[in-house]
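K.L.:
mmCIF, C-alpha atoms and all ligand atoms, saved as data_15.cif, coming up:
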```
data_start
loop_
_atom_site.label_atom_id
_atom_site.label_comp_id
_atom_site.auth_asym_id
_atom_site.auth_seq_id
_atom_site.Cartn_x
_atom_site.Cartn_y
_atom_site.Cartn_z
CA MET A 832 208.51 66.79 -59.54
CA ALA A 833 205.74 65.32 -57.39
CA PRO A 834 206.71 64.64 -53.77
CA ARG A 835 207.54 61.05 -52.94
CA ILE A 836 204.69 58.81 -51.77
CA LEU A 837 206.59 56.12 -49.86
CA ASP A 838 208.88 58.21 -47.64
CA VAL A 839 206.94 58.53 -44.37
CA PRO A 840 209.47 58.12 -41.52
CA LEU A 841 209.04 55.31 -39.03
CA ASP A 842 208.48 57.59 -36.00
CA THR A 843 205.73 59.50 -37.88
CA LEU A 844 204.01 56.26 -38.84
CA ARG A 845 204.14 55.04 -35.25
CA ARG A 846 202.76 58.32 -33.95
CA GLU A 847 200.09 59.06 -36.55
CA ARG A 848 198.76 55.81 -37.97
CA THR A 849 195.98 54.26 -35.91
CA SER A 850 194.96 51.46 -38.30
CA ILE A 851 195.39 47.80 -37.38
CA LYS A 852 198.74 47.53 -39.18
CA TRP A 853 200.30 49.95 -36.76
CA ARG A 854 198.30 49.15 -33.62
CA ARG A 855 198.27 45.36 -33.40
CA TYR A 856 201.87 45.03 -32.17
CA GLY A 857 204.04 46.99 -29.77
CA ASP A 858 206.31 49.88 -30.74
CA ASP A 859 209.35 47.64 -30.98
CA VAL A 860 207.79 45.61 -33.81
CA LEU A 861 208.24 46.59 -37.47
CA PRO A 862 204.84 45.83 -39.07
CA LEU A 863 205.00 44.46 -42.64
CA TRP A 864 202.04 42.12 -42.49
CA ILE A 865 198.52 43.25 -43.54
CA ALA A 866 198.06 44.78 -47.02
CA GLU A 867 197.98 48.46 -46.13
CA MET A 868 200.56 50.91 -47.45
CA ASP A 869 202.70 53.35 -45.50
CA ALA A 870 201.91 55.84 -48.27
CA ARG A 871 201.18 59.53 -48.19
CA PRO A 872 197.58 59.99 -49.33
CA CYS A 873 196.56 60.59 -52.92
CA PRO A 874 195.77 64.35 -52.90
CA ALA A 875 192.65 64.00 -55.10
CA VAL A 876 191.17 61.51 -52.62
CA ALA A 877 192.12 63.48 -49.52
CA GLU A 878 190.57 66.64 -50.97
CA ALA A 879 187.33 64.92 -52.02
CA VAL A 880 186.81 63.33 -48.60
CA ALA A 881 187.73 66.50 -46.67
CA ALA A 882 185.40 68.61 -48.84
CA ALA A 883 182.48 66.22 -48.28
CA THR A 884 183.02 66.32 -44.50
CA THR A 885 183.25 70.11 -44.50
CA ARG A 886 180.03 70.60 -46.43
CA GLY A 887 178.19 68.10 -44.22
CA ASP A 888 177.68 65.67 -47.07
CA THR A 889 177.75 62.69 -44.72
CA GLY A 890 174.66 60.64 -45.54
CA TYR A 891 174.06 57.36 -47.34
CA ALA A 892 175.78 56.66 -50.64
CA GLY A 893 174.17 58.04 -53.77
CA ASP A 894 175.43 57.64 -57.31
CA GLU A 895 178.75 59.44 -57.43
CA GLY A 896 179.70 58.04 -60.82
CA TYR A 897 181.86 55.35 -59.22
CA ALA A 898 180.99 52.70 -61.83
CA ALA A 899 181.53 55.14 -64.70
CA ALA A 900 184.90 56.11 -63.22
CA LEU A 901 185.98 52.44 -63.12
CA ALA A 902 184.81 51.98 -66.72
CA GLU A 903 186.89 54.98 -67.80
CA LEU A 904 189.97 53.80 -65.87
CA ALA A 905 189.62 50.30 -67.36
CA ARG A 906 189.42 51.75 -70.86
CA ALA A 907 192.44 54.01 -70.37
CA GLU A 908 194.64 51.52 -68.50
CA TRP A 909 193.73 48.13 -69.96
CA GLY A 910 191.70 48.79 -73.12
CA TRP A 911 188.67 47.20 -71.48
CA ALA A 912 185.21 48.73 -71.77
CA PRO A 913 182.99 47.17 -69.09
CA ALA A 914 179.34 48.27 -69.20
CA HIS A 915 179.03 50.48 -66.14
CA GLY A 916 175.23 50.30 -66.22
CA SER A 917 175.34 46.64 -65.16
CA MET A 918 177.81 47.10 -62.27
CA VAL A 919 176.55 47.09 -58.68
CA ARG A 920 178.14 48.36 -55.50
CA VAL A 921 178.94 46.29 -52.43
CA THR A 922 180.59 47.11 -49.11
CA ASP A 923 183.99 45.74 -50.04
CA VAL A 924 185.55 43.12 -52.28
CA LEU A 925 185.35 40.25 -49.79
CA THR A 926 181.71 40.94 -48.95
CA GLY A 927 180.92 40.91 -52.66
CA ILE A 928 182.77 37.62 -53.17
CA ALA A 929 181.04 36.04 -50.16
CA HIS A 930 177.53 36.92 -51.33
CA LEU A 931 178.18 35.98 -54.95
CA THR A 932 179.75 32.64 -54.00
CA ARG A 933 176.72 31.89 -51.86
CA LEU A 934 174.42 32.58 -54.82
CA LEU A 935 176.43 30.43 -57.22
CA THR A 936 176.95 27.32 -55.05
CA GLU A 937 174.99 25.11 -52.65
CA PRO A 938 175.54 24.91 -48.87
CA GLY A 939 178.58 22.70 -48.30
CA GLY A 940 179.41 22.93 -52.01
CA PRO A 941 182.91 23.21 -53.52
CA VAL A 942 184.83 26.45 -53.97
CA VAL A 943 188.17 25.97 -55.72
CA VAL A 944 191.22 28.16 -54.98
CA SER A 945 194.86 28.07 -56.11
CA PRO A 946 197.17 28.29 -53.10
CA PRO A 947 199.27 29.92 -52.02
CA VAL A 948 196.37 32.36 -52.24
CA TYR A 949 194.99 35.34 -50.31
CA ASN A 950 194.37 33.91 -46.85
CA ALA A 951 191.01 35.68 -46.36
CA PHE A 952 189.54 33.58 -49.20
CA TYR A 953 189.63 30.67 -46.75
CA ASP A 954 187.73 32.72 -44.16
CA VAL A 955 185.15 33.84 -46.72
CA ILE A 956 184.51 30.25 -47.81
CA ALA A 957 184.23 29.09 -44.18
CA SER A 958 181.88 31.97 -43.31
CA ILE A 959 179.35 30.90 -45.95
CA GLU A 960 179.78 27.22 -45.03
CA ARG A 961 181.22 26.04 -48.33
CA GLN A 962 184.05 23.57 -48.87
CA VAL A 963 187.56 24.70 -49.90
CA VAL A 964 189.08 22.63 -52.71
CA GLU A 965 192.73 23.38 -53.49
CA ALA A 966 194.37 23.33 -56.93
CA PRO A 967 197.80 24.84 -56.13
CA LEU A 968 199.82 27.09 -58.43
CA THR A 969 202.90 25.54 -60.07
CA ALA A 970 206.30 25.96 -58.38
CA GLU A 971 206.81 29.02 -60.60
CA GLY A 972 203.61 30.57 -59.26
CA ARG A 973 201.55 30.03 -62.42
CA LEU A 974 198.00 28.64 -62.74
CA ASP A 975 198.20 24.85 -63.18
CA LEU A 976 195.65 24.44 -65.93
CA ASP A 977 195.80 20.64 -66.13
CA LEU A 978 195.22 20.42 -62.40
CA LEU A 979 192.36 22.93 -62.62
CA ASP A 980 190.81 20.80 -65.36
CA THR A 981 190.89 17.61 -63.29
CA THR A 982 189.83 19.45 -60.12
CA PHE A 983 186.88 21.10 -61.86
CA ALA A 984 185.89 17.74 -63.37
CA GLY A 985 186.04 16.11 -59.93
CA VAL A 986 184.02 18.71 -58.04
CA THR A 987 181.29 19.03 -60.67
CA ALA A 988 180.74 15.29 -61.11
CA ASP A 989 177.05 14.50 -60.39
CA GLY A 990 176.06 18.00 -61.50
CA VAL A 991 177.30 19.80 -58.36
CA ARG A 992 177.56 23.61 -58.73
CA ALA A 993 181.06 24.97 -58.11
CA ALA A 994 182.90 28.30 -58.09
CA TYR A 995 186.55 29.25 -58.59
CA LEU A 996 188.04 32.25 -56.79
CA LEU A 997 190.68 33.81 -59.03
CA SER A 998 193.11 36.36 -57.59
CA ASN A 999 193.99 38.42 -60.68
CA PRO A 1000 196.75 39.53 -60.11
CA HIS A 1001 197.59 36.89 -57.56
CA ASN A 1002 198.08 37.61 -53.86
CA PRO A 1003 200.58 36.58 -52.36
CA THR A 1004 202.91 35.69 -55.28
CA GLY A 1005 202.25 38.81 -57.38
CA THR A 1006 201.69 36.61 -60.44
CA VAL A 1007 200.08 38.47 -63.34
CA HIS A 1008 198.09 35.79 -65.15
CA SER A 1009 198.63 36.04 -68.89
CA ALA A 1010 195.89 36.40 -71.50
CA ASP A 1011 196.65 32.84 -72.66
CA GLU A 1012 196.41 31.43 -69.13
CA LEU A 1013 193.13 33.23 -68.49
CA THR A 1014 191.73 32.10 -71.84
CA ALA A 1015 192.60 28.51 -70.95
CA LEU A 1016 191.02 28.99 -67.51
CA ALA A 1017 187.81 30.33 -69.07
CA GLU A 1018 187.74 27.33 -71.40
CA VAL A 1019 188.09 24.71 -68.64
CA ALA A 1020 185.65 26.56 -66.38
CA ALA A 1021 183.05 26.75 -69.16
CA ARG A 1022 183.56 23.09 -70.07
CA HIS A 1023 182.83 22.01 -66.49
CA GLY A 1024 180.23 24.70 -65.71
CA VAL A 1025 182.40 26.23 -62.94
CA ARG A 1026 181.68 29.89 -62.18
CA VAL A 1027 184.76 32.13 -62.01
CA LEU A 1028 184.87 35.08 -59.61
CA SER A 1029 187.83 37.30 -60.46
CA ASP A 1030 189.16 39.48 -57.65
CA GLU A 1031 191.01 42.32 -59.45
CA ILE A 1032 191.75 44.60 -56.51
CA HIS A 1033 195.53 44.61 -57.27
CA ALA A 1034 195.11 45.34 -61.01
CA PRO A 1035 196.47 48.93 -60.99
CA LEU A 1036 199.65 47.68 -59.24
CA VAL A 1037 201.24 45.83 -62.17
CA TYR A 1038 204.90 46.59 -63.01
CA ALA A 1039 205.91 47.72 -66.48
CA THR A 1040 207.50 44.32 -67.13
CA SER A 1041 204.05 42.64 -67.21
CA THR A 1042 200.65 43.26 -68.78
CA PHE A 1043 197.43 43.00 -66.82
CA THR A 1044 194.53 41.18 -68.51
CA PRO A 1045 191.05 41.75 -67.07
CA TYR A 1046 189.42 38.32 -66.84
CA LEU A 1047 186.23 39.46 -68.56
CA THR A 1048 188.17 40.42 -71.71
CA VAL A 1049 189.18 36.85 -72.56
CA PRO A 1050 187.00 34.71 -74.85
CA GLY A 1051 184.64 32.35 -73.03
CA SER A 1052 184.59 34.39 -69.78
CA GLU A 1053 181.00 35.63 -70.22
CA ARG A 1054 179.68 33.78 -67.17
CA GLY A 1055 182.47 35.20 -65.01
CA ILE A 1056 182.10 38.02 -62.49
CA THR A 1057 184.77 40.53 -61.46
CA VAL A 1058 184.87 42.22 -58.06
CA THR A 1059 187.19 45.16 -57.50
CA SER A 1060 187.87 48.51 -55.87
CA GLY A 1061 190.66 51.04 -55.45
CA SER A 1062 191.22 49.85 -51.90
CA LYS A 1063 194.71 48.36 -52.43
CA ALA A 1064 196.12 50.66 -55.12
CA TRP A 1065 195.07 53.91 -53.42
CA ASN A 1066 195.26 52.58 -49.84
CA LEU A 1067 191.55 53.05 -49.12
CA ALA A 1068 190.71 49.98 -47.04
CA GLY A 1069 189.11 52.28 -44.45
CA LEU A 1070 186.84 53.89 -47.05
CA LYS A 1071 184.71 50.95 -48.02
CA ALA A 1072 182.99 50.68 -51.41
CA ALA A 1073 183.59 48.02 -54.08
CA LEU A 1074 182.12 47.22 -57.49
CA VAL A 1075 180.80 43.98 -58.96
CA VAL A 1076 181.19 43.74 -62.74
CA PRO A 1077 179.16 40.95 -64.36
CA GLY A 1078 180.26 39.23 -67.56
CA GLY A 1079 177.74 39.39 -70.43
CA ASP A 1080 176.02 36.17 -69.30
CA ALA A 1081 176.21 36.83 -65.54
CA ARG A 1082 173.97 39.89 -65.27
CA ALA A 1083 170.97 37.95 -64.05
CA ASP A 1084 173.09 36.40 -61.27
CA VAL A 1085 174.41 39.76 -60.12
CA ALA A 1086 170.91 41.19 -60.22
CA ARG A 1087 169.97 38.55 -57.61
CA LEU A 1088 172.21 40.15 -54.97
CA HIS A 1089 169.90 41.34 -52.21
CA PRO A 1090 169.34 45.15 -52.05
CA PHE A 1091 170.64 45.03 -48.48
CA VAL A 1092 173.97 43.83 -49.92
CA THR A 1093 174.13 46.35 -52.75
CA PHE A 1094 173.28 49.17 -50.32
CA GLY A 1095 176.33 48.37 -48.19
CA ALA A 1096 178.97 50.75 -49.57
CA SER A 1097 179.60 53.87 -47.51
CA HIS A 1098 179.10 57.33 -48.99
CA PHE A 1099 182.66 58.27 -48.05
CA GLY A 1100 183.92 55.10 -49.65
CA VAL A 1101 182.13 55.92 -52.88
CA ILE A 1102 183.43 59.50 -52.85
CA ALA A 1103 187.00 58.40 -52.16
CA GLN A 1104 187.10 55.51 -54.63
CA THR A 1105 185.51 57.61 -57.37
CA ALA A 1106 188.11 60.37 -56.87
CA ALA A 1107 190.89 57.77 -56.98
CA TYR A 1108 189.71 56.21 -60.24
CA ARG A 1109 188.88 59.55 -61.85
CA ASP A 1110 191.74 61.79 -60.67
CA GLY A 1111 194.33 59.45 -59.17
CA ARG A 1112 195.91 57.79 -62.20
CA ALA A 1113 199.12 59.84 -62.26
CA TRP A 1114 199.47 59.23 -58.51
CA VAL A 1115 199.17 55.46 -58.88
CA HIS A 1116 201.67 55.45 -61.76
CA GLN A 1117 204.19 57.22 -59.52
CA LEU A 1118 203.39 54.79 -56.71
CA VAL A 1119 204.08 51.81 -58.98
CA ASP A 1120 207.47 53.32 -59.92
CA GLU A 1121 208.37 53.73 -56.24
CA LEU A 1122 207.20 50.19 -55.47
CA ASP A 1123 209.25 48.90 -58.39
CA ALA A 1124 212.39 50.45 -56.85
CA ASN A 1125 211.50 48.82 -53.50
CA ARG A 1126 210.98 45.49 -55.25
CA THR A 1127 214.52 45.66 -56.71
CA LEU A 1128 215.97 46.84 -53.39
CA LEU A 1129 214.30 43.95 -51.57
CA ALA A 1130 215.54 41.40 -54.10
CA ASP A 1131 219.11 42.74 -53.74
CA LEU A 1132 218.96 42.72 -49.94
CA VAL A 1133 217.55 39.19 -49.83
CA ARG A 1134 220.34 37.98 -52.12
CA GLU A 1135 223.02 39.68 -50.01
CA GLN A 1136 221.72 39.10 -46.47
CA LEU A 1137 219.51 36.00 -46.65
CA PRO A 1138 221.48 33.47 -48.71
CA GLY A 1139 219.31 30.42 -49.37
CA ALA A 1140 216.00 32.29 -49.14
CA ARG A 1141 213.99 32.30 -52.36
CA LEU A 1142 212.11 35.43 -53.36
CA LEU A 1143 209.55 35.04 -56.10
CA LEU A 1144 209.99 38.46 -57.74
CA PRO A 1145 206.41 39.79 -57.87
CA GLU A 1146 205.11 40.96 -61.27
CA SER A 1147 202.54 43.08 -59.44
CA THR A 1148 201.41 44.06 -55.93
CA TYR A 1149 203.53 45.28 -53.03
CA LEU A 1150 203.69 41.80 -51.53
CA ALA A 1151 206.77 39.59 -51.64
CA TRP A 1152 206.50 35.83 -51.24
CA LEU A 1153 209.59 34.45 -49.56
CA ASP A 1154 210.49 30.80 -49.19
CA LEU A 1155 212.48 30.69 -45.94
CA ARG A 1156 212.65 26.91 -45.57
CA PRO A 1157 216.43 26.71 -46.14
CA LEU A 1158 217.02 29.16 -43.26
CA GLY A 1159 215.91 26.82 -40.49
CA LEU A 1160 213.22 29.11 -39.05
CA GLY A 1161 210.72 26.26 -38.67
CA ASP A 1162 207.27 25.63 -40.13
CA ARG A 1163 205.94 28.92 -38.79
CA PRO A 1164 208.69 31.40 -39.72
CA GLY A 1165 206.26 34.29 -39.17
CA ALA A 1166 206.09 33.48 -35.45
CA THR A 1167 209.87 33.00 -35.25
CA LEU A 1168 210.59 36.35 -36.94
CA LEU A 1169 208.17 38.14 -34.64
CA GLU A 1170 209.75 36.63 -31.57
CA ARG A 1171 213.42 36.93 -32.54
CA GLY A 1172 213.54 39.88 -34.94
CA ARG A 1173 210.51 41.93 -33.82
CA VAL A 1174 209.30 42.06 -37.42
CA ALA A 1175 205.69 41.17 -38.25
CA VAL A 1176 205.07 39.46 -41.59
CA SER A 1177 202.21 37.18 -42.68
CA ASP A 1178 202.91 33.51 -42.09
CA GLY A 1179 202.83 31.48 -45.29
CA ALA A 1180 200.79 28.58 -43.91
CA THR A 1181 197.72 30.85 -43.67
CA PHE A 1182 197.76 31.05 -47.51
CA GLY A 1183 197.23 27.29 -47.82
CA ARG A 1184 199.27 24.25 -46.79
CA VAL A 1185 201.76 24.76 -49.64
CA GLY A 1186 202.73 28.04 -47.98
CA THR A 1187 204.30 26.31 -44.95
CA GLY A 1188 207.80 27.68 -44.33
CA HIS A 1189 207.12 30.83 -46.36
CA VAL A 1190 206.22 34.39 -45.38
CA ARG A 1191 204.53 37.28 -47.17
CA LEU A 1192 206.24 40.60 -46.68
CA ASN A 1193 204.58 43.95 -47.49
CA PHE A 1194 207.11 46.33 -49.06
CA ALA A 1195 204.78 49.32 -49.56
CA THR A 1196 206.85 51.41 -47.21
CA SER A 1197 209.98 53.56 -47.25
CA PRO A 1198 213.25 52.07 -48.52
CA ASP A 1199 214.68 52.64 -45.02
CA ILE A 1200 212.04 50.40 -43.50
CA VAL A 1201 212.61 47.75 -46.19
CA ARG A 1202 216.34 47.78 -45.24
CA GLU A 1203 215.55 47.55 -41.54
CA ALA A 1204 213.12 44.67 -42.14
CA VAL A 1205 215.68 42.55 -44.01
CA ALA A 1206 218.32 43.31 -41.37
CA ARG A 1207 215.91 42.12 -38.68
CA ILE A 1208 215.07 38.95 -40.60
CA ALA A 1209 218.79 38.27 -41.14
CA SER A 1210 219.48 38.77 -37.43
CA SER A 1211 216.80 36.14 -36.64
CA VAL A 1212 218.64 33.40 -38.51
CA ASP A 1213 220.88 31.19 -36.33
C1 LIG B 1301 193.30 39.85 -53.33
C2 LIG B 1301 192.58 40.68 -52.29
N1 LIG B 1301 191.25 40.76 -52.32
C3 LIG B 1301 190.56 41.49 -51.41
C4 LIG B 1301 191.21 42.16 -50.41
C5 LIG B 1301 190.41 42.91 -49.38
O1 LIG B 1301 189.55 43.78 -50.02
P1 LIG B 1301 188.35 44.46 -49.23
O2 LIG B 1301 188.92 45.15 -48.05
O3 LIG B 1301 187.76 45.36 -50.26
O4 LIG B 1301 187.42 43.35 -48.87
C6 LIG B 1301 192.60 42.12 -50.34
C7 LIG B 1301 193.30 42.81 -49.25
O5 LIG B 1301 194.45 42.63 -49.03
C8 LIG B 1301 193.30 41.36 -51.30
O6 LIG B 1301 194.64 41.29 -51.28
#
```
Would you put the structure from the file into structure tokens?
Ligand SMILES: Cc1ncc(COP(=O)(O)O)c(C=O)c1O
P.N.:
Amino acid sequence: MAPRILDVPLDTLRRERTSIKWRRYGDDVLPLWIAEMDARPCPAVAEAVAAATTRGDTGYAGDEGYAAALAELARAEWGWAPAHGSMVRVTDVLTGIAHLTRLLTEPGGPVVVSPPVYNAFYDVIASIERQVVEAPLTAEGRLDLDLLDTTFAGVTADGVRAAYLLSNPHNPTGTVHSADELTALAEVAARHGVRVLSDEIHAPLVYATSTFTPYLTVPGSERGITVTSGSKAWNLAGLKAALVVPGGDARADVARLHPFVTFGASHFGVIAQTAAYRDGRAWVHQLVDELDANRTLLADLVREQLPGARLLLPESTYLAWLDLRPLGLGDRPGATLLERGRVAVSDGATFGRVGTGHVRLNFATSPDIVREAVARIASSVD
């Protein structure tokens, strides 16, 4: 049997991890905020990166077959055959989304999102000086297609160009959008001329109870563009390299990305991400099984120790979206939990106004740490 992936003890993590997750707060704080995993590394990735360092292969990125490796993974995992010849590389997913959104909209123009949604989308939109327009998910965490229809109609009145940032699957709720929902989205987007950018970074992290649908496989999505990498599923945020996958009618747009942008991926990122996609499938399947057990453990602990709190059981991702409003922790429960319980989670309000009173908790860690986190949250409640 393969060794466990999510069993690194707390004292080892504190001693050995130097990334921001472990270094932002003091040693008394349990960090479950940013989307990094407390995972042991995928051996195929660790070996590929170590071998490149040892042989002095430390220059600029060449073509390591990264796009072909994604195409093969997509075929094997999701029955999708994207044309790897039309993909381009970018530094990371957010950089790709920022540059593409800039190309597809005007300065000050509308970019629609469905909160609660990945908080960095707001920063990306601000950084390129566009306007956020919110069309929240339903209370069940699903795309609200009627609201998207009216929102798209409103923002494109007078011929204004608009984009929609889709988180597929959805951070922070873990929603796996269904093929029917995505087909309906493609239809309303096409009807109003809104360009869809689908961020699919969490796609390999879907639990067996749901089915992932790549946006570009649904009818009518041809003008859409997907941006992705193995950064979340293989824990490679420090090894930057992402891929932009244009729909059939979006190739000319993607070709307009400046060479400076498409030169941005690092050689080590490309080596690592390629190894993950090519040789890391069994590893990620095991990871998803371990995360699934953590997901159940967390749901049980929340039910037992945090009566009144509402956990939206994620269909994907290692992120749990918790409504803590009934617990009386205030509008910024993240700050309260840090102060009282010494546990760092992401405050819900940063994911859009509808997230007020919620927190996002990262459960990609050992079951012991999940238990300790819930105990600390419970001890913070009056
Ligand atoms: C939905 C989503 N997109 C993008 C990112 C960041 O990706 P990158 O580091 O490649 O920009 C994250 C990180 O948590 C994420 O959750």
K.L.:
Which residue is closest to ligand LIG 1301 (chain B)? Choose from A:Glu1018, A:Asp888, A:Glu867, A:Asp975 and count only C-alpha atoms and all ligand atoms.
P.N.:
A:Glu867
K.L.:
Pull the closest atom pair for each residue of chain A that gets at most 9 Å from ligand LIG 1301 (chain B), along with the distance in Å to one decimal, counting only C-alpha atoms and all ligand atoms, ordering rows by chain and then ascending residue number, as a tab-separated table.
P.N.:
```
residue	atom	partner	partner_atom	distance
A:Ile865	CA	B:LIG1301	O5	6.9
A:Ala866	CA	B:LIG1301	O5	4.7
A:Glu867	CA	B:LIG1301	O5	7.4
A:Thr922	CA	B:LIG1301	O3	7.5
A:Asp923	CA	B:LIG1301	O3	3.8
A:Val924	CA	B:LIG1301	O3	3.7
A:Leu925	CA	B:LIG1301	O4	3.8
A:Thr926	CA	B:LIG1301	O4	6.2
A:Gly927	CA	B:LIG1301	O4	7.9
A:Ile928	CA	B:LIG1301	O4	8.5
A:Val948	CA	B:LIG1301	C1	8.2
A:Tyr949	CA	B:LIG1301	C1	5.7
A:Asn950	CA	B:LIG1301	O6	8.6
A:Ala951	CA	B:LIG1301	C4	7.6
A:Phe952	CA	B:LIG1301	N1	8.0
A:Leu997	CA	B:LIG1301	C1	8.7
A:Ser998	CA	B:LIG1301	C1	5.5
A:Asn999	CA	B:LIG1301	C1	7.5
A:Pro1000	CA	B:LIG1301	C1	7.6
A:His1001	CA	B:LIG1301	C1	6.7
A:Asn1002	CA	B:LIG1301	C1	5.3
A:Pro1003	CA	B:LIG1301	O6	7.7
A:Asp1030	CA	B:LIG1301	N1	5.9
A:Glu1031	CA	B:LIG1301	C1	7.0
A:Ile1032	CA	B:LIG1301	N1	5.7
A:His1033	CA	B:LIG1301	C1	6.6
A:Val1058	CA	B:LIG1301	N1	8.7
A:Thr1059	CA	B:LIG1301	O3	7.3
A:Ser1060	CA	B:LIG1301	O3	6.4
A:Gly1061	CA	B:LIG1301	O3	8.2
A:Ser1062	CA	B:LIG1301	O3	5.9
A:Lys1063	CA	B:LIG1301	C7	6.6
A:Leu1067	CA	B:LIG1301	O2	8.4
A:Ala1068	CA	B:LIG1301	O2	5.2
A:Gly1069	CA	B:LIG1301	O2	8.0
A:Lys1071	CA	B:LIG1301	O3	6.8
A:Ala1072	CA	B:LIG1301	O3	7.2
A:Ala1073	CA	B:LIG1301	O3	6.2
A:Thr1148	CA	B:LIG1301	O6	8.7
```
K.L.:
For the atom pair CA of Phe1043 in chain A and CA of Arg1082 in chain A, what is the interatomic distance in Å to one decimal place?
P.N.:
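These atoms are spaced 23.7 Å apart.
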K.L.:
Separation of CA of Arg1207 in chain A and CA of Glu1135 in chain A, in Å?
P.N.:
13.6 Å
K.L.:
Hey, which of A:Gly1005, A:Gly1111, A:Pro862, A:Gly990 ends up closest to Pro947 in chain A? Count all atoms listed in the file.
P.N.:
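Closest candidate: A:Gly1005.
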K.L.:
Which is closer to Val964 in chain A than all the others in A:His930, A:Asp1120, A:Gly1183, A:Pro1138, using all atoms listed in the file?
P.N.:
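The answer is A:Gly1183, which sits nearest to Val964 in chain A.
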K.L.:
Got a sec: who's within 12 Å of range 931-933 of chain A, counting only C-alpha atoms, leaving out chain neighbours fewer than 4 positions off, as a ChimeraX atom specification?
P.N.:
/A:919,921,924-927,937-943,952,955-963,992-996,1025-1030,1055-1058,1075-1077,1081-1089,1092-1093
K.L.:
What's around Val1201 in chain A at 7 Å? Count all atoms listed in the file, leave out sequence neighbours fewer than 5 positions away in its own chain, and write the answer as a count of residues only.
P.N.:
3
K.L.:
For range 900-910 of chain A, work out the shell of residues within 7 Å, counting only C-alpha atoms and skipping chain neighbours fewer than 3 positions away, then give it as a PyMOL selection string.
P.N.:
chain A and resi 896-897+913+915+1105+1108-1109
K.L.:
Considering only C-alpha atoms, state which residue in the set A:Glu1053, A:Asp1080, A:Asp1213, A:Asp1110 is at the smallest distance from Glu878 in chain A.
P.N.:
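Among A:Glu1053, A:Asp1080, A:Asp1213, A:Asp1110, it is A:Asp1110 that comes nearest to Glu878 in chain A.
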K.L.:
Out of A:Leu861, A:Ala966, A:Ala1195, A:Ala883, which residue has the shortest atom-to-atom distance to Ser1147 in chain A when counting all atoms listed in the file?
P.N.:
A:Ala1195
K.L.:
Expressed in Å to a single decimal, how great is the separation between CA of Ser1177 in chain A and CA of Cys873 in chain A?
P.N.:
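CA of Ser1177 in chain A sits 26.2 Å away from CA of Cys873 in chain A.
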K.L.:
For Ala984 in chain A, which of A:Val944, A:Val1019, A:Leu1143, A:Ala1209 is the closest residue, counting all atoms listed in the file?
P.N.:
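Once distances to Ala984 in chain A are computed over all atoms listed in the file, the minimum belongs to A:Val1019.
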K.L.:
Starting from the point (211.0, 42.1, -31.1), work out which residues of protein, DNA or RNA have an atom no more than 12 Å away when counting all atoms listed in the file; state them as a PyMOL selection string.
P.N.:
chain A and resi 856-862+1166-1175+1204+1207-1208+1210-1211
K.L.:
For the point (207.4, 53.6, -56.9) in the file's frame, write as an NGL selection string all residues with an atom no more than 12 Å away, counting only C-alpha atoms.
P.N.:
:A and (833-838 or 868 or 870 or 1036-1039 or 1064 or 1113-1128 or 1147-1149 or 1194-1198)
K.L.:
Tell me which protein, DNA and RNA residues are within 9 Å of Leu1142 in chain A, counting only C-alpha atoms, leaving out same-chain ones fewer than 2 positions away, and put them as a ChimeraX atom specification.
P.N.:
/A:1129-1130,1133-1134,1140,1144-1145,1151-1155
